[in-house]
Every structure is written in structure tokens, then in C-alpha cells.
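Colleague: Below is structure-v6.cif; it holds mmCIF, C-alpha atoms.
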```
data_structure
#
loop_
_atom_site.label_atom_id
_atom_site.label_comp_id
_atom_site.auth_asym_id
_atom_site.auth_seq_id
_atom_site.Cartn_x
_atom_site.Cartn_y
_atom_site.Cartn_z
CA GLY A 1 23.99 20.26 -32.79
CA LYS A 2 23.55 21.37 -29.22
CA SER A 3 19.86 20.46 -29.31
CA ASN A 4 20.81 16.85 -29.87
CA PHE A 5 23.23 17.00 -26.93
CA PHE A 6 20.48 18.44 -24.76
CA ALA A 7 18.01 15.75 -25.89
CA ALA A 8 20.55 13.03 -25.08
CA ILE A 9 21.18 14.41 -21.58
CA GLN A 10 17.45 14.81 -21.01
CA LEU A 11 16.89 11.19 -22.11
CA VAL A 12 19.09 9.99 -19.24
CA PHE A 13 18.21 12.43 -16.45
CA GLY A 14 14.70 13.39 -17.52
CA GLY A 15 13.56 9.79 -17.75
CA LEU A 16 14.29 9.21 -14.07
CA ASP A 17 11.19 11.12 -12.94
CA SER A 18 8.86 9.50 -15.47
CA GLY A 19 7.74 5.93 -15.99
CA PRO A 20 9.21 3.51 -18.53
CA LEU A 21 8.78 4.31 -22.20
CA ARG A 22 5.93 2.63 -24.02
CA ALA A 23 6.63 0.36 -26.98
CA GLU A 24 5.52 2.93 -29.57
CA ASP A 25 7.63 5.64 -27.89
CA ARG A 26 10.72 3.41 -27.95
CA LYS A 27 10.08 2.56 -31.61
CA ALA A 28 9.74 6.26 -32.55
CA LEU A 29 12.88 7.09 -30.58
CA LEU A 30 14.99 4.43 -32.30
CA HIS A 31 13.94 5.05 -35.90
CA GLU A 32 12.02 7.68 -37.82
CA GLY A 33 11.68 7.89 -41.60
CA ALA A 34 12.94 5.52 -44.30
CA GLY A 35 15.90 3.22 -44.28
CA ALA A 36 17.00 0.29 -42.16
CA HIS A 37 15.49 0.07 -38.72
CA VAL A 38 17.73 0.44 -35.68
CA MET A 39 17.16 -2.21 -33.00
CA ASN A 40 18.63 -0.40 -30.00
CA ALA A 41 20.33 2.82 -28.94
CA TYR A 42 22.03 4.17 -25.84
CA VAL A 43 23.35 7.38 -24.30
CA GLU A 44 26.38 7.51 -22.02
CA ILE A 45 27.15 10.44 -19.74
CA HIS A 46 30.61 10.69 -18.18
CA ILE A 47 30.44 12.52 -14.86
CA ASP A 48 33.49 14.01 -13.14
CA ASN A 49 33.56 12.59 -9.62
CA SER A 50 36.97 13.84 -8.57
CA GLU A 51 35.41 15.59 -5.55
CA GLY A 52 33.63 12.40 -4.52
CA ARG A 53 30.10 13.83 -4.52
CA LEU A 54 28.75 10.55 -5.86
CA PRO A 55 29.24 7.99 -3.05
CA ILE A 56 30.36 4.95 -5.04
CA ASP A 57 33.37 2.67 -4.71
CA SER A 58 35.29 3.22 -7.92
CA PRO A 59 39.02 3.64 -8.54
CA SER A 60 38.27 6.03 -11.39
CA GLU A 61 37.37 9.70 -10.95
CA VAL A 62 34.86 9.41 -13.81
CA VAL A 63 31.46 7.83 -13.32
CA ILE A 64 29.74 6.49 -16.44
CA LEU A 65 25.94 6.66 -16.42
CA LYS A 66 24.25 4.88 -19.34
CA ARG A 67 20.69 4.39 -20.52
CA SER A 68 20.04 1.72 -23.15
CA VAL A 69 16.73 1.65 -25.06
CA GLY A 70 15.57 -1.20 -27.31
CA LEU A 71 12.32 -2.34 -28.84
CA LYS A 72 11.59 -4.46 -25.75
CA LYS A 73 13.85 -3.03 -23.07
CA ASP A 74 14.71 0.18 -21.21
CA GLU A 75 17.73 -0.29 -18.91
CA TYR A 76 20.22 1.75 -16.86
CA PHE A 77 23.91 1.02 -16.26
CA LEU A 78 26.39 2.48 -13.80
CA ASP A 79 30.05 1.91 -14.64
CA ARG A 80 29.02 -0.87 -17.06
CA LYS A 81 26.96 -2.63 -14.35
CA HIS A 82 23.22 -3.06 -14.66
CA VAL A 83 21.30 -1.11 -11.99
CA THR A 84 17.69 -0.12 -11.35
CA LYS A 85 16.20 3.33 -11.81
CA VAL A 86 15.65 3.62 -8.05
CA GLU A 87 19.36 3.06 -7.38
CA ILE A 88 20.26 5.80 -9.87
CA LEU A 89 17.76 8.20 -8.26
CA ASN A 90 19.14 7.57 -4.77
CA LEU A 91 22.70 8.05 -5.99
CA LEU A 92 21.91 11.37 -7.70
CA GLU A 93 19.90 12.65 -4.71
CA SER A 94 22.87 11.96 -2.45
CA ALA A 95 24.89 14.24 -4.77
CA GLY A 96 22.28 17.05 -4.62
CA PHE A 97 20.09 16.25 -7.65
CA SER A 98 16.63 16.48 -6.11
CA ARG A 99 13.61 15.02 -7.95
CA SER A 100 11.51 17.92 -6.69
CA ASN A 101 13.79 20.43 -8.45
CA PRO A 102 12.67 20.90 -12.08
CA TYR A 103 15.78 22.96 -12.91
CA ASN A 104 18.51 20.33 -12.80
CA ILE A 105 18.44 20.63 -16.59
CA VAL A 106 17.74 24.14 -17.94
CA PRO A 107 16.91 24.50 -21.67
CA GLN A 108 18.22 27.51 -23.58
CA GLY A 109 14.84 29.19 -23.90
CA LYS A 110 14.24 28.78 -20.18
CA VAL A 111 17.19 31.04 -19.34
CA ASN A 112 15.64 33.95 -21.18
CA GLN A 113 12.35 33.30 -19.44
CA LEU A 114 14.06 33.41 -16.05
CA THR A 115 15.56 36.81 -16.75
CA VAL A 116 12.20 38.46 -17.39
CA MET A 117 10.36 36.90 -14.44
CA ARG A 118 8.61 39.06 -11.87
CA ASP A 119 9.88 39.06 -8.31
CA GLU A 120 7.04 36.82 -7.13
CA GLN A 121 7.77 34.28 -9.85
CA ARG A 122 11.49 34.39 -9.11
CA LEU A 123 10.74 33.78 -5.42
CA ASP A 124 8.63 30.75 -6.35
CA LEU A 125 11.50 29.53 -8.51
CA LEU A 126 13.96 29.83 -5.63
CA LYS A 127 11.54 27.91 -3.40
CA GLN A 128 11.35 25.13 -5.98
CA ILE A 129 15.11 24.94 -6.31
CA ALA A 130 15.60 24.99 -2.52
CA GLY A 131 13.00 22.27 -2.08
CA THR A 132 10.77 24.27 0.26
CA THR A 133 7.73 23.62 -1.93
CA THR A 134 8.05 19.95 -1.02
CA TYR A 135 7.93 20.96 2.65
CA ASP A 136 4.83 23.09 2.01
CA ASP A 137 3.11 20.23 0.20
CA ARG A 138 3.90 17.81 2.99
CA ARG A 139 2.76 20.38 5.56
CA ARG A 140 -0.59 20.73 3.79
CA GLU A 141 -0.94 16.96 3.67
CA SER A 142 -0.12 16.72 7.39
CA LEU A 143 -2.67 19.42 8.22
CA ALA A 144 -5.31 17.62 6.16
CA ILE A 145 -4.52 14.34 7.95
CA MET A 146 -4.66 16.07 11.35
CA GLU A 147 -8.00 17.68 10.48
CA GLU A 148 -9.41 14.33 9.36
CA THR A 149 -8.10 12.69 12.54
CA GLN A 150 -9.67 15.38 14.70
CA SER A 151 -12.98 14.95 12.88
CA ARG A 152 -12.87 11.20 13.45
CA GLN A 153 -11.92 11.80 17.07
CA ARG A 154 -14.93 14.07 17.55
CA LYS A 155 -17.17 11.38 16.08
CA VAL A 156 -15.68 8.78 18.41
CA VAL A 157 -16.24 11.08 21.40
CA GLU A 158 -19.88 11.56 20.36
CA MET A 159 -20.30 7.80 20.03
CA LEU A 160 -18.74 7.30 23.46
CA GLU A 161 -21.16 9.83 24.96
CA GLN A 162 -24.09 8.01 23.37
CA ILE A 163 -22.80 4.69 24.69
CA GLU A 164 -22.34 6.19 28.16
CA ARG A 165 -25.94 7.40 28.13
CA ARG A 166 -27.12 4.02 26.94
CA LEU A 167 -25.07 2.27 29.64
CA LYS A 168 -26.69 4.43 32.31
CA GLU A 169 -30.11 3.54 30.92
CA LEU A 170 -29.15 -0.14 30.91
CA ASP A 171 -27.91 0.11 34.50
CA ALA A 172 -31.24 1.62 35.57
CA GLU A 173 -33.13 -1.06 33.64
CA LYS A 174 -30.91 -3.72 35.21
CA LYS A 175 -31.75 -2.48 38.71
CA GLU A 176 -35.45 -2.40 37.88
CA LEU A 177 -35.20 -5.88 36.42
CA ALA A 178 -33.40 -7.19 39.51
CA ALA A 179 -36.12 -5.72 41.78
CA TYR A 180 -38.83 -7.18 39.55
CA GLN A 181 -37.13 -10.57 39.53
CA ALA A 182 -36.91 -10.61 43.33
CA LEU A 183 -40.58 -9.72 43.74
CA ASP A 184 -41.66 -12.07 40.98
CA LYS A 185 -39.65 -14.87 42.54
CA ARG A 186 -41.39 -14.31 45.87
CA ARG A 187 -44.74 -14.29 44.09
CA LYS A 188 -44.00 -17.53 42.27
CA VAL A 189 -42.78 -19.19 45.47
CA ALA A 190 -45.99 -18.15 47.21
CA GLU A 191 -48.10 -19.40 44.31
CA TYR A 192 -46.21 -22.66 44.17
CA THR A 193 -46.62 -23.13 47.92
CA TYR A 194 -50.33 -22.35 47.73
CA TYR A 195 -50.93 -24.66 44.77
CA ASP A 196 -48.89 -27.43 46.37
CA LYS A 197 -50.90 -27.08 49.59
CA GLU A 198 -54.17 -27.17 47.68
CA GLN A 199 -53.01 -30.18 45.72
CA ARG A 200 -52.17 -32.07 48.91
CA LYS A 201 -55.56 -31.19 50.35
CA ALA A 202 -57.30 -32.44 47.18
CA ARG A 203 -55.36 -35.69 47.28
CA GLU A 204 -56.15 -36.23 50.94
CA ALA A 205 -59.83 -35.58 50.22
CA LEU A 206 -59.67 -38.01 47.30
CA GLN A 207 -58.09 -40.68 49.48
CA LYS A 208 -60.79 -40.17 52.12
CA MET A 209 -63.47 -40.50 49.47
CA ASP A 210 -61.91 -43.72 48.18
CA ALA A 211 -61.82 -45.15 51.69
CA GLN A 212 -65.41 -44.10 52.34
CA ARG A 213 -66.57 -45.66 49.08
CA GLN A 214 -64.89 -48.93 49.97
CA ARG A 215 -66.58 -48.91 53.38
CA ASP A 216 -69.95 -48.15 51.90
CA GLY A 217 -69.56 -51.21 49.67
CA GLY A 218 -71.38 -49.81 46.65
CA ASP A 219 -74.59 -48.49 48.26
CA SER A 220 -76.98 -46.07 46.59
CA SER A 221 -74.86 -43.10 47.47
CA GLY A 222 -72.02 -44.47 45.32
CA LYS A 223 -72.98 -42.36 42.32
CA ALA A 224 -72.87 -39.14 44.35
CA GLN A 225 -69.56 -40.22 45.81
CA GLN A 226 -68.21 -40.90 42.35
CA ALA A 227 -69.29 -37.45 41.20
CA ARG A 228 -67.43 -35.87 44.10
CA GLU A 229 -64.36 -37.89 43.20
CA GLU A 230 -64.51 -36.72 39.60
CA ALA A 231 -64.83 -33.12 40.77
CA ALA A 232 -61.83 -33.54 43.07
CA LYS A 233 -59.77 -35.06 40.24
CA GLY A 234 -60.68 -32.11 38.03
CA ALA A 235 -59.54 -29.69 40.73
CA VAL A 236 -56.23 -31.55 41.04
CA GLN A 237 -55.64 -31.45 37.29
CA THR A 238 -56.43 -27.70 37.17
CA THR A 239 -53.96 -27.08 39.99
CA GLU A 240 -51.25 -29.08 38.20
CA ARG A 241 -51.76 -27.15 34.95
CA THR A 242 -51.52 -23.84 36.80
CA LEU A 243 -48.32 -24.97 38.48
CA ALA A 244 -46.82 -26.04 35.13
CA ALA A 245 -47.68 -22.62 33.63
CA ALA A 246 -45.95 -20.87 36.54
CA VAL A 247 -42.79 -22.97 36.05
CA SER A 248 -42.77 -22.18 32.29
CA ALA A 249 -43.13 -18.44 32.95
CA LEU A 250 -40.20 -18.60 35.37
CA LYS A 251 -37.99 -20.20 32.66
CA VAL A 252 -38.93 -17.48 30.15
CA LEU A 253 -38.01 -14.80 32.67
CA GLN A 254 -34.65 -16.44 33.32
CA GLU A 255 -33.88 -16.44 29.56
CA SER A 256 -34.78 -12.74 29.39
CA VAL A 257 -32.37 -12.00 32.24
CA LYS A 258 -29.56 -13.84 30.41
CA SER A 259 -30.24 -11.87 27.20
CA LEU A 260 -30.17 -8.51 28.98
CA THR A 261 -26.97 -9.41 30.81
CA LYS A 262 -25.29 -10.37 27.51
CA ALA A 263 -26.37 -7.08 25.85
CA HIS A 264 -24.98 -5.11 28.78
CA LYS A 265 -21.64 -6.91 28.51
CA GLN A 266 -21.43 -6.18 24.75
CA GLN A 267 -22.09 -2.47 25.38
CA LEU A 268 -19.26 -2.36 27.92
CA GLU A 269 -16.85 -4.05 25.48
CA GLU A 270 -17.81 -1.62 22.67
CA ALA A 271 -17.26 1.37 24.96
CA ALA A 272 -13.80 0.08 25.91
CA ARG A 273 -12.86 -0.48 22.25
CA LEU A 274 -13.96 3.02 21.19
CA GLU A 275 -12.10 4.58 24.08
CA MET A 276 -8.88 2.80 23.07
CA GLU A 277 -9.36 3.93 19.45
CA ALA A 278 -9.84 7.55 20.56
CA GLN A 279 -6.65 7.39 22.65
CA GLN A 280 -4.72 5.94 19.69
CA GLN A 281 -5.96 8.66 17.33
CA GLY A 282 -5.00 11.29 19.86
CA ALA A 283 -1.51 9.83 20.07
CA ASP A 284 -1.23 9.80 16.23
CA SER A 285 -2.31 13.46 16.07
CA ALA A 286 0.29 14.39 18.68
CA ALA A 287 3.00 12.53 16.75
CA ARG A 288 2.09 14.30 13.49
CA ALA A 289 2.05 17.68 15.23
CA GLU A 290 5.48 16.95 16.70
CA ALA A 291 6.81 15.93 13.26
CA GLU A 292 5.45 19.13 11.73
CA ALA A 293 7.04 21.23 14.49
CA GLU A 294 10.36 19.46 13.90
CA ALA A 295 10.09 20.17 10.15
CA ARG A 296 9.46 23.85 10.87
CA ARG A 297 12.51 23.98 13.13
CA VAL A 298 14.63 22.38 10.41
CA LYS A 299 13.34 24.87 7.87
CA GLN A 300 14.08 27.82 10.16
CA ALA A 301 17.57 26.46 10.78
CA GLU A 302 18.17 26.14 7.02
CA GLU A 303 16.91 29.67 6.40
CA ALA A 304 19.16 30.97 9.18
#
```
Write out the structure in this file as C-alpha cells.

Modeller:
Amino acid sequence: GKSNFFAAIQLVFGGLDSGPLRAEDRKALLHEGAGAHVMNAYVEIHIDNSEGRLPIDSPSEVVILKRSVGLKKDEYFLDRKHVTKVEILNLLESAGFSRSNPYNIVPQGKVNQLTVMRDEQRLDLLKQIAGTTTYDDRRRESLAIMEETQSRQRKVVEMLEQIERRLKELDAEKKELAAYQALDKRRKVAEYTYYDKEQRKAREALQKMDAQRQRDGGDSSGKAQQAREEAAKGAVQTTERTLAAAVSALKVLQESVKSLTKAHKQQLEEAARLEMEAQQQGADSAARAEAEAEARRVKQAEEA
């Protein structure tokens, strides 16, 4: 009966929007009830293409669209040639069969339902058939993307402001550090000069004591002289330790300067990267807004 004809047509065209049939669905479609099992089945639809709405190179005015279903296969054929589902979809869309239009195939009961629809429902139906609902869906998606982009852009701007404040603080700290380093360097130079001078004096005094001891030739005052020499040696050693500590402190300060300089450079690089990202997001938002405006112009032109 006509229901079987409708089911056959729906098997070919209705299966284009859905995924492939599962194994149990194919088995139920091929055979139901008792008797010998059928291994495969197919439906062929002969389409009049005398007006050339289907853009294919064929000498015949009839286009044969076939779907073959087996226990382990689900295939499409166009004029006896194996094709993919995507190729069939593109071919039908070029002829005006839109995937977004649910009324390419209208069941008998659906006609009665259409006649008793309210005006609002009928308007929604016309929008679906015209494909404007697809535009509305894409417009909502574009608006959501633009809103998300703007939110991310605001966050990037806030991060840039924080980085700018931190950079200003680092610049102030850098200036303070440079002033401290200059003063500390002068202090260390003065200390080194003083300690070096004292060390030379101690050595000269030690040399004089050695010469005096040799002249005295080991008299009774030798013990006192030796005590003075020991005291002078202790003073020299103390001066050398102090000088070594000053040199070590200078090295630590130099390492600290290198670390601060490296951190400042990293902050500058991060600020540049975030600024480039903000500019790119702004450009993306502008491109989406332009695409949306173009879509609105196209829609208005179609309505006109």
C-alpha cells in the first residue's frame, strides 16, 4: 500500500540525516517473522531530472538513487555507481533539499495537522521551511561566542593592568636597587681600601719587628717581641677574614641583581604576549560581528 511506498522513500531520504543503521536495526528491517531469512534489500528511487536541477553529468534525464542494506553493510548508489552519504547530501542540497527542512517528506497525517495549526505555529513552520531557523541558531551561537570573547578580553585587560602596575613597582624597585648598589659599591671600595691600608701597615710593622729581633740577637726582650709579633699576625689574619667576607657579600649582591633583572625581563615578555592576545581576540570579535552583519543583510535581501 501507500504506507509501504512512503516507508521506502523515507528509508532513502530520511536516512541521510541520521547515522548508519545498527546491526539489529538492519536485521529487523530485512526480516521479521518466520520463514527464510533475507540477506539484503534495496530501494531505488527514479528522479526526473529533465530540468537539470541535479548537477550531474548523465545523458539520461532520469537519475537513479539507490540505498542497499545488508546484514553487514549500508551503502548508497547514484546511477549504479557507489557513492558516499555526504556526496548524496551535497547533491540534494544543490537541488533545494535542505537538511534543516524537516518537511521534504510530509506524511499523510502531517497534512491534517498543518491545516489546523495556529498562526504562530504556521509562521514557525514557514521559518523552518525557508531555513531562517538555521540563521537564528547560528546567530545565537555567534552572539554566545562574541560574549565569551568579550569576557576573555576583559580578563586579559585586567591582567594587563595588573602587570602594568607590577612593572611600575619593579621599575621603582630597580631604581632603588641601582642607587643602593652604587652606594654599597662605594662603601665596599672604601672598606677594601681601609683594610688594605691597615694590612700593609701591619705587614710593615711585622717586618720591622723581625728586623729588630734579628738585631737584638735573642736578648731578654725577645719574648716580649715575640708576643708583639703574634699580636700583629692576629691583626693581619682578622683583616684578611674581614676582607674575604666583604668580597663574598659583593658576589651575593651581584647574583641578586641578576635575578631581579631576569624577573623584570620576564614580566615585560608576558605583558607583550597578553597584549598581542587581546589584539587578536579583538580582531576575531570584529570579524564575527562583520559576518553576522553580512548574514543579516542577506536575510533582509531574501525577505525583500

Colleague: One number please: atom CA of A:Asp210 to atom CA of A:Ala235, in Å, one decimal.

Modeller: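 Computing the Euclidean distance for atom CA of A:Asp210 and atom CA of A:Ala235 yields 16.1 Å.
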
Colleague: I'd like to know which of A:Arg53, A:Gln254, A:Lys175, A:Ser259 is closest to A:Glu93, using all atoms listed in the file.

Modeller: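 That would be A:Arg53, the residue with the smallest distance to A:Glu93.
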
Colleague: One decimal, Å: what's the distance from atom CA of A:His46 over to atom CA of A:Ile64, could you say?

Modeller: 4.6 Å

Colleague: May I have the residues within 12 Å of A:His82 as a list in words, using all atoms listed in the file and disregarding those fewer than 4 positions away in the same chain?

Modeller: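 My reading of the contact set: Ile64, Leu65, Lys66, Arg67, Ser68, Asp74, Glu75, Tyr76, Phe77, Leu78, Glu87 and Ile88 of chain A.
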
Colleague: Might you pull out every residue within 12 Å of A:Lys262, with all atoms listed in the file counted and same-chain residues fewer than 6 positions away left off, and present them as a PyMOL selection string?

Modeller: chain A and resi 170+174+255-256+268-269

Colleague: Can you tell me how far atom CA of A:Asn112 sits from atom CA of A:Ser94, in Å to one decimal?

Modeller: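 Atom CA of A:Ser94 lies at a distance of 29.8 Å from atom CA of A:Asn112.
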
Colleague: Restricting the calculation to only C-alpha atoms: of A:Leu125, A:Arg215, A:Gln199, A:Pro59, which residue gets closest to A:Arg241?

Modeller: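 Counting only C-alpha atoms, the residue closest to A:Arg241 is A:Gln199.
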
Colleague: Select, from A:Ala211, A:Lys265, A:Ala291, A:Glu198, the residue with the minimum atom-to-atom distance to A:Gln237, counting all atoms listed in the file.

Modeller: A:Glu198

Colleague: Taking all atoms listed in the file into account, name the residue in A:Lys185, A:Lys127, A:Arg200, A:Gln214 that is nearest to A:Thr239.

Modeller: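 When distances to A:Thr239 are compared using all atoms listed in the file, the smallest one comes from A:Arg200.
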
Colleague: Any chance you could work out the residue set of the PyMOL selection byres ((chain A and resi 142) around 12) here, as a PDB file with C-alpha atoms, in the coordinates of the input?

Modeller:
```pdb
ATOM      1  CA  TYR A 135       7.930  20.960   2.650  1.00  0.00           C
ATOM      2  CA  ASP A 136       4.830  23.090   2.010  1.00  0.00           C
ATOM      3  CA  ASP A 137       3.110  20.230   0.200  1.00  0.00           C
ATOM      4  CA  ARG A 138       3.900  17.810   2.990  1.00  0.00           C
ATOM      5  CA  ARG A 139       2.760  20.380   5.560  1.00  0.00           C
ATOM      6  CA  ARG A 140      -0.590  20.730   3.790  1.00  0.00           C
ATOM      7  CA  GLU A 141      -0.940  16.960   3.670  1.00  0.00           C
ATOM      8  CA  LEU A 143      -2.670  19.420   8.220  1.00  0.00           C
ATOM      9  CA  ALA A 144      -5.310  17.620   6.160  1.00  0.00           C
ATOM     10  CA  ILE A 145      -4.520  14.340   7.950  1.00  0.00           C
ATOM     11  CA  MET A 146      -4.660  16.070  11.350  1.00  0.00           C
ATOM     12  CA  GLU A 147      -8.000  17.680  10.480  1.00  0.00           C
ATOM     13  CA  GLU A 148      -9.410  14.330   9.360  1.00  0.00           C
ATOM     14  CA  THR A 149      -8.100  12.690  12.540  1.00  0.00           C
ATOM     15  CA  ASP A 284      -1.230   9.800  16.230  1.00  0.00           C
ATOM     16  CA  SER A 285      -2.310  13.460  16.070  1.00  0.00           C
ATOM     17  CA  ALA A 286       0.290  14.390  18.680  1.00  0.00           C
ATOM     18  CA  ALA A 287       3.000  12.530  16.750  1.00  0.00           C
ATOM     19  CA  ARG A 288       2.090  14.300  13.490  1.00  0.00           C
ATOM     20  CA  ALA A 289       2.050  17.680  15.230  1.00  0.00           C
ATOM     21  CA  GLU A 290       5.480  16.950  16.700  1.00  0.00           C
ATOM     22  CA  ALA A 291       6.810  15.930  13.260  1.00  0.00           C
ATOM     23  CA  GLU A 292       5.450  19.130  11.730  1.00  0.00           C
ATOM     24  CA  ALA A 293       7.040  21.230  14.490  1.00  0.00           C
ATOM     25  CA  ALA A 295      10.090  20.170  10.150  1.00  0.00           C
TER      26      ALA A 295
END
```

Colleague: Residue by residue, what does the PyMOL selection byres ((chain A and resi 50) around 9) grab here? Present the result as a PDB file with C-alpha atoms, keeping the file's coordinate frame.

Modeller:
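New file part-v8.pdb:
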```pdb
ATOM      1  CA  ASP A  48      33.490  14.010 -13.140  1.00  0.00           C
ATOM      2  CA  ASN A  49      33.560  12.590  -9.620  1.00  0.00           C
ATOM      3  CA  GLU A  51      35.410  15.590  -5.550  1.00  0.00           C
ATOM      4  CA  GLY A  52      33.630  12.400  -4.520  1.00  0.00           C
ATOM      5  CA  ARG A  53      30.100  13.830  -4.520  1.00  0.00           C
ATOM      6  CA  SER A  60      38.270   6.030 -11.390  1.00  0.00           C
ATOM      7  CA  GLU A  61      37.370   9.700 -10.950  1.00  0.00           C
ATOM      8  CA  VAL A  62      34.860   9.410 -13.810  1.00  0.00           C
TER       9      VAL A  62
END
```

Colleague: Could you tell me which of A:Arg80, A:Lys73, A:Arg166, A:Lys197 comes closest to A:Ile45 if we count all atoms listed in the file?

Modeller: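 Using all atoms listed in the file, the shortest distance to A:Ile45 belongs to A:Arg80.
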
Colleague: Which residue gives the smallest distance to A:Arg187 among A:Ile56, A:Ala272, A:Val247, A:Asn90, with only C-alpha atoms counted?

Modeller: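 Of A:Ile56, A:Ala272, A:Val247, A:Asn90, the one nearest A:Arg187, counting only C-alpha atoms, is A:Val247.
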
Colleague: Can you pull out every residue within 12 Å of stretch 188-194 of chain A, counting all atoms listed in the file, but drop anything in the same chain fewer than 2 positions away, and send it as a list in words?

Modeller: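 The contact residues come out as Tyr180, Gln181, Ala182, Leu183, Asp184, Lys185, Arg186, Asp196, Lys197, Glu198, Gln199, Arg200, Lys201, Thr239, Glu240, Arg241, Thr242, Leu243, Ala244, Ala245, Ala246, Val247, Ser248, Ala249, Leu250, Lys251 and Leu253 of chain A.
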
Colleague: Pull out every residue that the PyMOL selection byres ((chain A and resi 157) around 12) matches in the shown coordinates and put them as a PyMOL selection string.

Modeller: chain A and resi 150-156+158-164+271+274-279+281-282

Colleague: Name the residues within 12 Å of (15.8, 11.9, -25.7), counting all atoms listed in the file in the file's coordinates, and put them as a list in words.

Modeller: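 Residues lying no farther than 12 Å from the given point: Ser3, Asn4, Phe5, Phe6, Ala7, Ala8, Ile9, Gln10, Leu11, Val12, Phe13, Gly14, Gly15, Leu21, Asp25, Arg26, Ala28, Leu29, Leu30, Ala41, Tyr42, Val43, Arg67, Ser68 and Val69 of chain A.
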
Colleague: Those same residues - C-alpha atoms - I'd like them written as an mmCIF file, in the frame of the given file.

Modeller:
```
data_model
loop_
_atom_site.group_PDB
_atom_site.id
_atom_site.type_symbol
_atom_site.label_atom_id
_atom_site.label_comp_id
_atom_site.auth_asym_id
_atom_site.auth_seq_id
_atom_site.Cartn_x
_atom_site.Cartn_y
_atom_site.Cartn_z
ATOM 1 C CA SER A 3 19.860 20.460 -29.310
ATOM 2 C CA ASN A 4 20.810 16.850 -29.870
ATOM 3 C CA PHE A 5 23.230 17.000 -26.930
ATOM 4 C CA PHE A 6 20.480 18.440 -24.760
ATOM 5 C CA ALA A 7 18.010 15.750 -25.890
ATOM 6 C CA ALA A 8 20.550 13.030 -25.080
ATOM 7 C CA ILE A 9 21.180 14.410 -21.580
ATOM 8 C CA GLN A 10 17.450 14.810 -21.010
ATOM 9 C CA LEU A 11 16.890 11.190 -22.110
ATOM 10 C CA VAL A 12 19.090 9.990 -19.240
ATOM 11 C CA PHE A 13 18.210 12.430 -16.450
ATOM 12 C CA GLY A 14 14.700 13.390 -17.520
ATOM 13 C CA GLY A 15 13.560 9.790 -17.750
ATOM 14 C CA LEU A 21 8.780 4.310 -22.200
ATOM 15 C CA ASP A 25 7.630 5.640 -27.890
ATOM 16 C CA ARG A 26 10.720 3.410 -27.950
ATOM 17 C CA ALA A 28 9.740 6.260 -32.550
ATOM 18 C CA LEU A 29 12.880 7.090 -30.580
ATOM 19 C CA LEU A 30 14.990 4.430 -32.300
ATOM 20 C CA ALA A 41 20.330 2.820 -28.940
ATOM 21 C CA TYR A 42 22.030 4.170 -25.840
ATOM 22 C CA VAL A 43 23.350 7.380 -24.300
ATOM 23 C CA ARG A 67 20.690 4.390 -20.520
ATOM 24 C CA SER A 68 20.040 1.720 -23.150
ATOM 25 C CA VAL A 69 16.730 1.650 -25.060
#
```

Colleague: Could I get stretch 43-56 of chain A from the block written out with N, CA, C and O atoms, as a short mmCIF file (atom, residue, chain, number, x, y, z; two decimals), in the first residue's frame?

Modeller:
```
data_model
loop_
_atom_site.label_atom_id
_atom_site.label_comp_id
_atom_site.auth_asym_id
_atom_site.auth_seq_id
_atom_site.Cartn_x
_atom_site.Cartn_y
_atom_site.Cartn_z
N VAL A 43 16.29 -0.16 -2.04
CA VAL A 43 15.21 0.70 -2.54
C VAL A 43 15.82 1.61 -3.59
O VAL A 43 16.85 2.25 -3.36
N GLU A 44 15.19 1.68 -4.75
CA GLU A 44 15.62 2.57 -5.82
C GLU A 44 14.56 3.64 -6.04
O GLU A 44 13.37 3.34 -6.09
N ILE A 45 15.02 4.87 -6.15
CA ILE A 45 14.11 5.99 -6.47
C ILE A 45 14.59 6.59 -7.79
O ILE A 45 15.74 7.00 -7.91
N HIS A 46 13.68 6.69 -8.74
CA HIS A 46 13.97 7.28 -10.05
C HIS A 46 13.49 8.73 -10.03
O HIS A 46 12.28 8.99 -9.88
N ILE A 47 14.40 9.65 -10.19
CA ILE A 47 14.10 11.07 -10.09
C ILE A 47 14.16 11.70 -11.48
O ILE A 47 15.14 11.52 -12.22
N ASP A 48 13.12 12.45 -11.82
CA ASP A 48 13.07 13.15 -13.11
C ASP A 48 14.02 14.36 -13.05
O ASP A 48 13.81 15.28 -12.26
N ASN A 49 15.02 14.34 -13.88
CA ASN A 49 15.99 15.44 -13.90
C ASN A 49 16.01 16.12 -15.26
O ASN A 49 17.05 16.59 -15.74
N SER A 50 14.83 16.19 -15.87
CA SER A 50 14.76 16.81 -17.19
C SER A 50 15.06 18.31 -17.14
O SER A 50 15.53 18.90 -18.12
N GLU A 51 14.80 18.96 -16.00
CA GLU A 51 15.10 20.38 -15.86
C GLU A 51 16.53 20.63 -15.40
O GLU A 51 16.95 21.79 -15.29
N GLY A 52 17.26 19.56 -15.11
CA GLY A 52 18.66 19.72 -14.74
C GLY A 52 18.90 20.30 -13.36
O GLY A 52 19.93 20.95 -13.13
N ARG A 53 17.97 20.08 -12.42
CA ARG A 53 18.17 20.62 -11.08
C ARG A 53 19.28 19.89 -10.33
O ARG A 53 19.94 20.47 -9.47
N LEU A 54 19.46 18.61 -10.66
CA LEU A 54 20.56 17.85 -10.05
C LEU A 54 21.79 17.99 -10.94
O LEU A 54 21.80 17.52 -12.08
N PRO A 55 22.83 18.65 -10.47
CA PRO A 55 24.01 18.93 -11.32
C PRO A 55 24.92 17.72 -11.47
O PRO A 55 25.97 17.62 -10.83
N ILE A 56 24.52 16.78 -12.33
CA ILE A 56 25.36 15.60 -12.59
C ILE A 56 25.49 15.43 -14.09
O ILE A 56 24.62 15.83 -14.87
#
```
